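A.B. asks: Dropping in data20.cif, which is mmCIF, C-alpha atoms:
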```cif
data_input
loop_
_atom_site.group_PDB
_atom_site.id
_atom_site.type_symbol
_atom_site.label_atom_id
_atom_site.label_comp_id
_atom_site.auth_asym_id
_atom_site.auth_seq_id
_atom_site.Cartn_x
_atom_site.Cartn_y
_atom_site.Cartn_z
ATOM 1 C CA MET A 1234 0.000 0.000 0.000
ATOM 2 C CA LYS A 1235 1.300 3.439 -0.923
ATOM 3 C CA THR A 1236 -0.378 6.777 -0.424
ATOM 4 C CA LEU A 1237 0.774 9.878 -2.224
ATOM 5 C CA PRO A 1238 -1.346 12.803 -0.981
ATOM 6 C CA ARG A 1239 -0.362 16.443 -1.099
ATOM 7 C CA PRO A 1240 1.558 18.057 1.814
ATOM 8 C CA PHE A 1241 -0.518 19.146 4.801
ATOM 9 C CA ASP A 1242 0.258 22.323 6.724
ATOM 10 C CA LEU A 1243 -1.918 23.612 9.546
ATOM 11 C CA SER A 1244 -0.450 27.103 9.453
ATOM 12 C CA LYS A 1245 -1.324 28.017 5.856
ATOM 13 C CA ASP A 1246 -2.965 26.959 2.604
ATOM 14 C CA ASN A 1247 -6.212 25.849 4.239
ATOM 15 C CA HIS A 1248 -7.944 25.582 0.863
ATOM 16 C CA ARG A 1249 -10.382 22.807 1.737
ATOM 17 C CA SER A 1250 -12.667 24.654 4.155
ATOM 18 C CA PRO A 1251 -11.526 28.207 4.911
ATOM 19 C CA GLY A 1252 -14.807 29.033 6.649
ATOM 20 C CA GLY A 1253 -15.585 25.653 8.176
ATOM 21 C CA GLY A 1254 -13.626 26.047 11.380
ATOM 22 C CA LEU A 1255 -11.482 22.951 10.856
ATOM 23 C CA LEU A 1256 -8.179 24.817 11.088
ATOM 24 C CA ASP A 1257 -9.081 26.454 14.390
ATOM 25 C CA TYR A 1258 -10.334 23.138 15.727
ATOM 26 C CA ALA A 1259 -7.139 21.334 14.661
ATOM 27 C CA ASN A 1260 -4.984 23.981 16.318
ATOM 28 C CA ALA A 1261 -7.055 23.576 19.483
ATOM 29 C CA VAL A 1262 -6.252 19.851 19.427
ATOM 30 C CA LEU A 1263 -2.554 20.593 19.108
ATOM 31 C CA ASN A 1264 -2.658 23.121 21.946
ATOM 32 C CA ASN A 1265 -4.911 20.936 24.113
ATOM 33 C CA THR A 1266 -7.473 23.730 24.515
ATOM 34 C CA LEU A 1267 -11.257 23.697 24.445
ATOM 35 C CA HIS A 1268 -12.963 24.689 21.212
ATOM 36 C CA ALA A 1269 -16.458 24.413 19.811
ATOM 37 C CA GLU A 1270 -16.775 21.407 17.535
ATOM 38 C CA PRO A 1271 -17.535 22.364 13.892
ATOM 39 C CA ALA A 1272 -20.559 20.773 12.259
ATOM 40 C CA ASN A 1273 -18.395 18.813 9.821
ATOM 41 C CA VAL A 1274 -16.292 17.187 12.559
ATOM 42 C CA HIS A 1275 -17.183 13.595 13.414
ATOM 43 C CA THR A 1276 -16.195 12.314 16.854
ATOM 44 C CA TRP A 1277 -15.350 8.668 17.452
ATOM 45 C CA THR A 1278 -15.036 7.652 21.098
ATOM 46 C CA TYR A 1279 -14.024 4.342 22.607
ATOM 47 C CA THR A 1280 -13.756 2.719 26.009
ATOM 48 C CA PRO A 1281 -10.183 1.884 27.084
ATOM 49 C CA GLY A 1282 -9.421 -1.725 27.780
ATOM 50 C CA TYR A 1283 -10.886 -4.913 26.348
ATOM 51 C CA GLY A 1284 -7.422 -5.965 25.209
ATOM 52 C CA VAL A 1285 -7.181 -3.433 22.369
ATOM 53 C CA PRO A 1286 -4.433 -0.782 22.824
ATOM 54 C CA TRP A 1287 -5.421 2.817 22.149
ATOM 55 C CA GLN A 1288 -2.730 3.007 19.445
ATOM 56 C CA THR A 1289 -4.528 0.232 17.575
ATOM 57 C CA ARG A 1290 -7.780 2.188 17.884
ATOM 58 C CA VAL A 1291 -6.125 5.146 16.197
ATOM 59 C CA HIS A 1292 -4.736 2.853 13.485
ATOM 60 C CA HIS A 1293 -8.247 1.506 12.921
ATOM 61 C CA GLY A 1294 -9.686 5.021 12.752
ATOM 62 C CA VAL A 1295 -7.139 6.212 10.195
ATOM 63 C CA VAL A 1296 -7.666 3.191 7.943
ATOM 64 C CA ALA A 1297 -11.463 3.553 8.160
ATOM 65 C CA MET A 1298 -11.294 7.288 7.435
ATOM 66 C CA ARG A 1299 -8.935 6.785 4.506
ATOM 67 C CA ASP A 1300 -11.177 4.135 2.942
ATOM 68 C CA TYR A 1301 -14.300 6.242 3.461
ATOM 69 C CA LEU A 1302 -12.786 9.435 2.024
ATOM 70 C CA THR A 1303 -11.195 7.578 -0.878
ATOM 71 C CA ALA A 1304 -14.622 6.308 -1.878
ATOM 72 C CA GLN A 1305 -16.132 9.796 -1.487
ATOM 73 C CA LEU A 1306 -13.382 11.750 -3.245
ATOM 74 C CA GLY A 1307 -12.206 9.254 -5.818
ATOM 75 C CA HIS A 1308 -8.570 9.582 -4.735
ATOM 76 C CA THR A 1309 -6.406 8.974 -1.692
ATOM 77 C CA PRO A 1310 -6.915 11.777 0.846
ATOM 78 C CA THR A 1311 -4.415 13.599 2.984
ATOM 79 C CA ILE A 1312 -4.839 12.606 6.634
ATOM 80 C CA ALA A 1313 -3.144 14.288 9.562
ATOM 81 C CA VAL A 1314 -3.019 12.712 13.019
ATOM 82 C CA LEU A 1315 -2.726 15.371 15.717
ATOM 83 C CA ALA A 1316 -1.787 15.052 19.383
ATOM 84 C CA SER A 1317 -0.983 17.396 22.237
ATOM 85 C CA VAL A 1318 2.417 15.783 22.943
ATOM 86 C CA ASN A 1319 5.056 14.268 20.658
ATOM 87 C CA SER A 1320 5.406 11.022 22.628
ATOM 88 C CA LEU A 1321 1.847 10.009 21.719
ATOM 89 C CA LEU A 1322 2.535 10.498 18.017
ATOM 90 C CA GLY A 1323 5.615 8.308 18.281
ATOM 91 C CA GLN A 1324 3.537 5.443 19.670
ATOM 92 C CA VAL A 1325 0.860 5.894 17.012
ATOM 93 C CA SER A 1326 3.486 5.955 14.288
ATOM 94 C CA GLU A 1327 5.051 2.723 15.540
ATOM 95 C CA ALA A 1328 1.668 0.999 15.621
ATOM 96 C CA MET A 1329 0.736 2.107 12.100
ATOM 97 C CA ALA A 1330 4.068 1.120 10.594
ATOM 98 C CA THR A 1331 3.137 -2.580 10.517
ATOM 99 C CA ASP A 1332 0.091 -4.733 9.799
ATOM 100 C CA THR A 1333 -1.971 -5.152 12.963
ATOM 101 C CA ILE A 1334 -4.355 -8.008 13.699
ATOM 102 C CA THR A 1335 -7.267 -7.066 15.955
ATOM 103 C CA GLY A 1336 -10.016 -9.634 16.378
ATOM 104 C CA ASN A 1337 -10.926 -10.929 12.940
ATOM 105 C CA THR A 1338 -9.613 -7.810 11.221
ATOM 106 C CA THR A 1339 -6.144 -7.097 9.833
ATOM 107 C CA LEU A 1340 -5.312 -3.405 9.705
ATOM 108 C CA PRO A 1341 -2.823 -2.753 6.895
ATOM 109 C CA ALA A 1342 0.291 -0.696 7.565
ATOM 110 C CA VAL A 1343 -0.066 2.958 6.609
ATOM 111 C CA ASP A 1344 2.853 4.535 4.784
ATOM 112 C CA HIS A 1345 3.425 7.912 6.437
ATOM 113 C CA ALA A 1346 5.952 10.486 7.570
ATOM 114 C CA LEU A 1347 6.356 11.597 11.166
ATOM 115 C CA GLN A 1348 7.160 15.264 11.732
ATOM 116 C CA TRP A 1349 9.391 15.954 14.722
ATOM 117 C CA ASP A 1350 12.038 18.305 16.031
ATOM 118 C CA PRO A 1351 15.000 16.937 14.005
ATOM 119 C CA GLU A 1352 17.787 18.249 16.227
ATOM 120 C CA LEU A 1353 16.367 17.041 19.520
ATOM 121 C CA THR A 1354 15.224 13.695 18.132
ATOM 122 C CA ALA A 1355 18.594 13.147 16.479
ATOM 123 C CA ALA A 1356 20.341 13.908 19.785
ATOM 124 C CA ALA A 1357 18.192 11.245 21.449
ATOM 125 C CA GLY A 1358 19.133 8.850 18.647
ATOM 126 C CA TYR A 1359 22.813 9.348 19.376
ATOM 127 C CA VAL A 1360 22.179 8.239 22.959
ATOM 128 C CA VAL A 1361 20.525 5.029 21.760
ATOM 129 C CA ALA A 1362 23.357 4.431 19.293
ATOM 130 C CA SER A 1363 25.938 4.812 22.069
ATOM 131 C CA ILE A 1364 24.209 2.000 23.961
ATOM 132 C CA MET A 1365 24.505 -0.224 20.887
ATOM 133 C CA GLU A 1366 28.276 0.129 21.302
ATOM 134 C CA TRP A 1367 28.333 -1.136 24.906
ATOM 135 C CA PRO A 1368 29.248 -4.818 24.421
ATOM 136 C CA GLY A 1369 32.411 -3.832 22.566
ATOM 137 C CA LEU A 1370 33.640 -1.216 25.051
ATOM 138 C CA PRO A 1371 35.192 -1.239 28.535
ATOM 139 C CA ARG A 1372 32.810 -0.205 31.340
ATOM 140 C CA VAL A 1373 34.208 3.294 31.910
ATOM 141 C CA GLU A 1374 34.380 4.165 28.212
ATOM 142 C CA ALA A 1375 30.878 2.830 27.516
ATOM 143 C CA VAL A 1376 29.226 4.742 30.356
ATOM 144 C CA THR A 1377 31.222 7.877 29.541
ATOM 145 C CA ARG A 1378 30.152 7.882 25.880
ATOM 146 C CA THR A 1379 26.492 7.468 26.786
ATOM 147 C CA MET A 1380 26.608 10.148 29.483
ATOM 148 C CA GLN A 1381 28.300 12.564 27.083
ATOM 149 C CA ALA A 1382 25.551 11.883 24.526
ATOM 150 C CA LEU A 1383 22.923 12.497 27.216
ATOM 151 C CA ALA A 1384 24.548 15.790 28.153
ATOM 152 C CA ASP A 1385 24.610 16.771 24.485
ATOM 153 C CA PHE A 1386 20.847 16.115 24.295
ATOM 154 C CA TYR A 1387 20.302 18.665 27.036
ATOM 155 C CA ARG A 1388 22.723 21.086 25.388
ATOM 156 C CA VAL A 1389 20.386 21.052 22.382
ATOM 157 C CA LYS A 1390 17.532 21.870 24.750
ATOM 158 C CA LEU A 1391 19.643 24.621 26.315
ATOM 159 C CA THR A 1392 20.177 26.295 22.944
ATOM 160 C CA SER A 1393 16.397 26.388 22.471
ATOM 161 C CA GLY A 1394 15.987 28.202 25.770
ATOM 162 C CA THR A 1395 14.677 25.324 27.896
ATOM 163 C CA ALA A 1396 14.754 26.308 31.543
ATOM 164 C CA GLY A 1397 16.633 23.895 33.779
ATOM 165 C CA ALA A 1398 18.701 22.267 31.026
ATOM 166 C CA ARG A 1399 21.928 23.858 32.272
ATOM 167 C CA GLY A 1400 21.397 22.400 35.738
ATOM 168 C CA LYS A 1401 20.772 18.924 34.344
ATOM 169 C CA ILE A 1402 23.966 19.096 32.301
ATOM 170 C CA LYS A 1403 25.970 20.146 35.354
ATOM 171 C CA THR A 1404 24.517 17.345 37.459
ATOM 172 C CA MET A 1405 25.361 14.771 34.785
ATOM 173 C CA GLU A 1406 28.907 16.075 34.397
ATOM 174 C CA ASN A 1407 29.470 15.975 38.158
ATOM 175 C CA GLY A 1408 28.065 12.450 38.306
ATOM 176 C CA LEU A 1409 30.261 11.298 35.440
ATOM 177 C CA SER A 1410 33.310 12.831 37.107
ATOM 178 C CA ALA A 1411 32.482 10.945 40.318
ATOM 179 C CA PHE A 1412 32.018 7.721 38.332
ATOM 180 C CA THR A 1413 35.352 7.942 36.542
ATOM 181 C CA SER A 1414 37.225 8.867 39.730
ATOM 182 C CA GLY A 1415 35.626 6.172 41.864
ATOM 183 C CA LYS A 1416 33.836 8.604 44.170
ATOM 184 C CA THR A 1417 30.241 8.511 45.424
ATOM 185 C CA ILE A 1418 27.799 9.061 42.550
ATOM 186 C CA ARG A 1419 24.897 11.356 43.369
ATOM 187 C CA SER A 1420 23.393 11.645 39.890
ATOM 188 C CA LYS A 1421 20.420 9.326 39.511
ATOM 189 C CA THR A 1422 20.956 9.288 35.753
ATOM 190 C CA VAL A 1423 24.594 8.174 36.017
ATOM 191 C CA LYS A 1424 23.587 5.484 38.515
ATOM 192 C CA ALA A 1425 20.871 4.228 36.152
ATOM 193 C CA VAL A 1426 23.161 4.134 33.111
ATOM 194 C CA THR A 1427 25.871 2.338 35.087
ATOM 195 C CA ALA A 1428 23.372 -0.207 36.400
ATOM 196 C CA ALA A 1429 22.047 -0.787 32.872
ATOM 197 C CA TYR A 1430 25.572 -1.459 31.596
ATOM 198 C CA ASP A 1431 26.368 -3.777 34.499
ATOM 199 C CA ALA A 1432 23.166 -5.743 33.872
ATOM 200 C CA GLY A 1433 24.500 -6.616 30.438
ATOM 201 C CA ILE A 1434 22.931 -6.343 27.005
ATOM 202 C CA SER A 1435 23.067 -8.603 23.976
ATOM 203 C CA TYR A 1436 22.248 -7.966 20.333
ATOM 204 C CA LEU A 1437 21.268 -10.143 17.390
ATOM 205 C CA GLY A 1438 23.124 -8.240 14.707
ATOM 206 C CA GLN A 1439 19.751 -7.150 13.286
ATOM 207 C CA PRO A 1440 19.416 -3.353 13.662
ATOM 208 C CA VAL A 1441 15.613 -3.278 13.389
ATOM 209 C CA ALA A 1442 15.350 -5.594 16.416
ATOM 210 C CA ASP A 1443 18.389 -4.314 18.291
ATOM 211 C CA TRP A 1444 17.478 -0.613 18.163
ATOM 212 C CA PRO A 1445 14.473 -0.923 20.543
ATOM 213 C CA THR A 1446 16.546 -3.235 22.774
ATOM 214 C CA ALA A 1447 19.051 -0.422 23.249
ATOM 215 C CA ARG A 1448 16.351 2.236 23.540
ATOM 216 C CA ASP A 1449 14.604 0.310 26.316
ATOM 217 C CA ARG A 1450 17.639 0.828 28.566
ATOM 218 C CA LEU A 1451 16.666 4.501 28.842
ATOM 219 C CA HIS A 1452 14.806 4.390 32.132
ATOM 220 C CA GLY A 1453 15.572 4.950 35.801
ATOM 221 C CA SER A 1454 15.517 8.754 35.888
ATOM 222 C CA SER A 1455 13.360 11.561 34.540
ATOM 223 C CA GLU A 1456 16.170 12.592 32.183
ATOM 224 C CA LEU A 1457 16.421 9.116 30.677
ATOM 225 C CA GLU A 1458 12.658 8.855 30.324
ATOM 226 C CA GLU A 1459 12.571 12.166 28.445
ATOM 227 C CA VAL A 1460 15.288 11.061 26.047
ATOM 228 C CA SER A 1461 13.462 7.768 25.526
ATOM 229 C CA LYS A 1462 10.289 9.596 24.481
ATOM 230 C CA HIS A 1463 12.187 11.591 21.865
ATOM 231 C CA ALA A 1464 14.097 8.519 20.688
ATOM 232 C CA ARG A 1465 10.793 6.806 19.907
ATOM 233 C CA LEU A 1466 10.228 9.390 17.179
ATOM 234 C CA LEU A 1467 13.299 8.060 15.391
ATOM 235 C CA ARG A 1468 12.298 4.683 14.040
ATOM 236 C CA LEU A 1469 13.877 1.884 12.059
ATOM 237 C CA LEU A 1470 10.861 0.697 10.101
ATOM 238 C CA ASN A 1471 12.480 -2.076 8.131
ATOM 239 C CA ALA A 1472 15.775 -3.511 6.947
ATOM 240 C CA THR A 1473 15.911 -1.185 3.942
ATOM 241 C CA ASP A 1474 15.945 2.045 5.965
ATOM 242 C CA ALA A 1475 19.128 4.094 5.709
ATOM 243 C CA LEU A 1476 19.717 3.818 9.452
ATOM 244 C CA ALA A 1477 19.312 0.052 9.364
ATOM 245 C CA TRP A 1478 21.713 -0.237 6.445
ATOM 246 C CA GLY A 1479 24.266 1.973 8.172
ATOM 247 C CA LEU A 1480 24.066 0.089 11.448
ATOM 248 C CA SER A 1481 24.336 -3.235 9.608
ATOM 249 C CA ASP A 1482 27.709 -2.076 8.331
ATOM 250 C CA SER A 1483 28.678 -1.164 11.904
ATOM 251 C CA TRP A 1484 27.962 -4.626 13.278
ATOM 252 C CA ASP A 1485 31.197 -6.253 14.399
ATOM 253 C CA GLY A 1486 29.931 -9.725 13.589
ATOM 254 C CA ASP A 1487 29.894 -10.780 17.196
ATOM 255 C CA SER A 1488 28.230 -8.654 19.873
ATOM 256 C CA ALA A 1489 28.321 -4.899 19.267
ATOM 257 C CA TYR A 1490 27.870 -2.077 16.781
ATOM 258 C CA LYS A 1491 31.221 -0.360 16.384
ATOM 259 C CA ASP A 1492 31.029 3.452 16.164
ATOM 260 C CA ALA A 1493 27.235 3.261 15.983
ATOM 261 C CA ALA A 1494 26.810 6.854 17.182
ATOM 262 C CA ALA A 1495 29.023 8.184 14.396
ATOM 263 C CA THR A 1496 27.120 6.062 11.878
ATOM 264 C CA VAL A 1497 23.745 7.381 13.029
ATOM 265 C CA ARG A 1498 25.062 10.938 12.958
ATOM 266 C CA ALA A 1499 26.276 10.545 9.370
ATOM 267 C CA VAL A 1500 23.032 8.923 8.173
ATOM 268 C CA LEU A 1501 20.809 11.560 9.768
ATOM 269 C CA ALA A 1502 22.946 14.361 8.363
ATOM 270 C CA ALA A 1503 22.627 12.889 4.877
ATOM 271 C CA GLU A 1504 18.869 12.371 5.212
ATOM 272 C CA THR A 1505 18.369 15.913 6.494
ATOM 273 C CA LEU A 1506 20.161 17.248 3.429
ATOM 274 C CA THR A 1507 18.106 15.026 1.126
ATOM 275 C CA ALA A 1508 14.852 16.082 2.766
ATOM 276 C CA ALA A 1509 15.746 19.731 2.317
ATOM 277 C CA GLN A 1510 16.259 19.198 -1.413
ATOM 278 C CA GLN A 1511 13.106 17.184 -2.129
ATOM 279 C CA PRO A 1512 9.413 18.078 -1.726
ATOM 280 C CA PRO A 1513 7.450 15.872 0.678
ATOM 281 C CA GLU A 1514 5.517 13.077 -0.982
ATOM 282 C CA THR A 1515 3.990 11.112 1.881
ATOM 283 C CA GLU A 1516 1.281 11.547 4.419
ATOM 284 C CA ARG A 1517 2.247 13.941 7.212
ATOM 285 C CA PHE A 1518 1.809 13.508 10.960
ATOM 286 C CA PRO A 1519 2.191 17.067 12.320
ATOM 287 C CA SER A 1520 4.034 17.056 15.624
ATOM 288 C CA SER A 1521 3.037 19.158 18.576
ATOM 289 C CA SER A 1522 5.026 22.203 19.624
#
```
How does the structure come out when it is put into C-alpha cells?

C.D. replies:
Amino acid sequence: MKTLPRPFDLSKDNHRSPGGGLLDYANAVLNNTLHAEPANVHTWTYTPGYGVPWQTRVHHGVVAMRDYLTAQLGHTPTIAVLASVNSLLGQVSEAMATDTITGNTTLPAVDHALQWDPELTAAAGYVVASIMEWPGLPRVEAVTRTMQALADFYRVKLTSGTAGARGKIKTMENGLSAFTSGKTIRSKTVKAVTAAYDAGISYLGQPVADWPTARDRLHGSSELEEVSKHARLLRLLNATDALAWGLSDSWDGDSAYKDAAATVRAVLAAETLTAAQQPPETERFPSSS
C-alpha cells in the first residue's frame, strides 16, 4: 500500500474549508485547549481496555477514514493525526508502521511520515546508538560515551531556551566525574546508566530488532525517560531504511555495533540534506510544539 497525498500544513494553505472552522479546531487539538466542535467534525469515542491498545484504535480510525474518504473523493486523501504531545505520536506511528491483527480484522500498515524536532530527536538517537556500542567497550568508556551523549541532548535543549537544562547538564557532568574517579555518585541518571551497563545487554546483529533493545535501557531517571520519548520518534521501520543499512555495516559480527553513534550521525545528516532538497511526498503527521 502506498499513499501519495499532497503536503498538509496547519499554518497556511487551508484551501479545503476556509470558513468551516477545521483549522481552528485542529490547532485547538494541538494546543490541548477547548474549542467548539464544527458541524463537519465527526467524533469517534471508545472505552479503554478490552485488550485493544489505544494506538490500535487510532490505526483503525485512520484506515477507516482513509477508505471512506477515498470512496467519497475518488482519490487517496491527505490525513493528519494530531496530538498534544510528541510522545503520543511516536507510539501511534510505531503501531501504524506494521500490519496489525485485531479480532478478525487485519489493519494494513499505513505509509506515512512523522514530523518531529529533528535536532532534539537526532540527539536522542545518538544516545541510543551509544548503547549499541556497549558490548564492545570497557565499562568506563561505555558509560562515559552514553553520558556525554545524554549531556549533548540537554545542550540542544539549552540552545532552544529550555529552563533547567543547564542544571541537568551540570549534574550529569558531576556524576560522570564521580564515576570515573571512583567517588560517590549522586546523579540518579549516572547510577541508572551504570546499572544498565552492568546488567549486560546482547544484540542479534539485526538493527531493526536491536534498536528498541538499546532504547529500552533509557529508564531509571526523569532525564532518561525524556530522552526515551524523543528517541521513539526516530524509528527503524524495516531492513531497507538508511539507518538500518548503516548500522548493519557497523555490526562487528559478534556482539556490538562499532562506532554506531558516528554512523547514526552521518546517516541523519545525509537524510536531512536530502529532505531539504526534495518536496514531501507522503502523508504527514504534524508534531506538537

A.B. asks: If the PyMOL selection byres ((chain A and resi 1289-1291) around 8) were run on this exact file, what residues would it hold? Put them as a PDB file with C-alpha atoms, in the coordinates of the input.

C.D. replies:
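In the end it all went to expr_1.pdb:
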```pdb
ATOM      1  CA  VAL A1285      -7.181  -3.433  22.369  1.00  0.00           C
ATOM      2  CA  PRO A1286      -4.433  -0.782  22.824  1.00  0.00           C
ATOM      3  CA  TRP A1287      -5.421   2.817  22.149  1.00  0.00           C
ATOM      4  CA  GLN A1288      -2.730   3.007  19.445  1.00  0.00           C
ATOM      5  CA  HIS A1292      -4.736   2.853  13.485  1.00  0.00           C
ATOM      6  CA  HIS A1293      -8.247   1.506  12.921  1.00  0.00           C
ATOM      7  CA  GLY A1294      -9.686   5.021  12.752  1.00  0.00           C
ATOM      8  CA  VAL A1295      -7.139   6.212  10.195  1.00  0.00           C
ATOM      9  CA  VAL A1325       0.860   5.894  17.012  1.00  0.00           C
ATOM     10  CA  ALA A1328       1.668   0.999  15.621  1.00  0.00           C
ATOM     11  CA  MET A1329       0.736   2.107  12.100  1.00  0.00           C
ATOM     12  CA  THR A1333      -1.971  -5.152  12.963  1.00  0.00           C
ATOM     13  CA  THR A1335      -7.267  -7.066  15.955  1.00  0.00           C
TER      14      THR A1335
END
```

A.B. asks: Skip A:Leu1451 itself and residues of its chain fewer than 6 positions away, then list as a PyMOL selection string all residues within 7 Å of it, counting only C-alpha atoms.

C.D. replies: chain A and resi 1457-1458+1461

A.B. asks: Can you tell me which residues surround A:Arg1378 at a distance of at most 9 Å, considering only C-alpha atoms, apart from same-chain residues fewer than 6 positions away, and format the answer as a ChimeraX atom specification?

C.D. replies: /A:1360,1363-1364

A.B. asks: With all atoms listed in the file counted, which protein, DNA or RNA residues have an atom no more than 9 Å from (24.4, 13.4, 22.4) in the file frame? Please answer as a list in words.

C.D. replies: Ala1355, Ala1356, Ala1357, Gly1358, Tyr1359, Val1360, Ser1363, Arg1378, Thr1379, Met1380, Gln1381, Ala1382, Leu1383, Ala1384, Asp1385, Phe1386, Tyr1387, Arg1388, Val1389 and Ala1494 of chain A

A.B. asks: Between A:Asp1332, A:Glu1327, A:Asp1474, A:Glu1366, which is the closest to A:Ala1447 once you count all atoms listed in the file?

C.D. replies: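 Looking at the shortest contact to A:Ala1447, the residue is A:Glu1366.
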
A.B. asks: Translate the PyMOL selection byres ((chain A and resi 1274) around 10), as applied to the file shown, into an explicit residue set as a list in words.

C.D. replies: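 Listing what the PyMOL selection byres ((chain A and resi 1274) around 10) selects in the shown file: Gly1253, Gly1254, Leu1255, Tyr1258, Glu1270, Pro1271, Ala1272, Asn1273, His1275, Thr1276 and Trp1277 of chain A.
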
A.B. asks: In terms of the shortest atom-to-atom distance over all atoms listed in the file, which of A:Glu1352, A:Val1500, A:Ala1362, A:Ala1432 is closest to A:Pro1445?

C.D. replies: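 Under the stated criterion, the closest residue is A:Ala1362.
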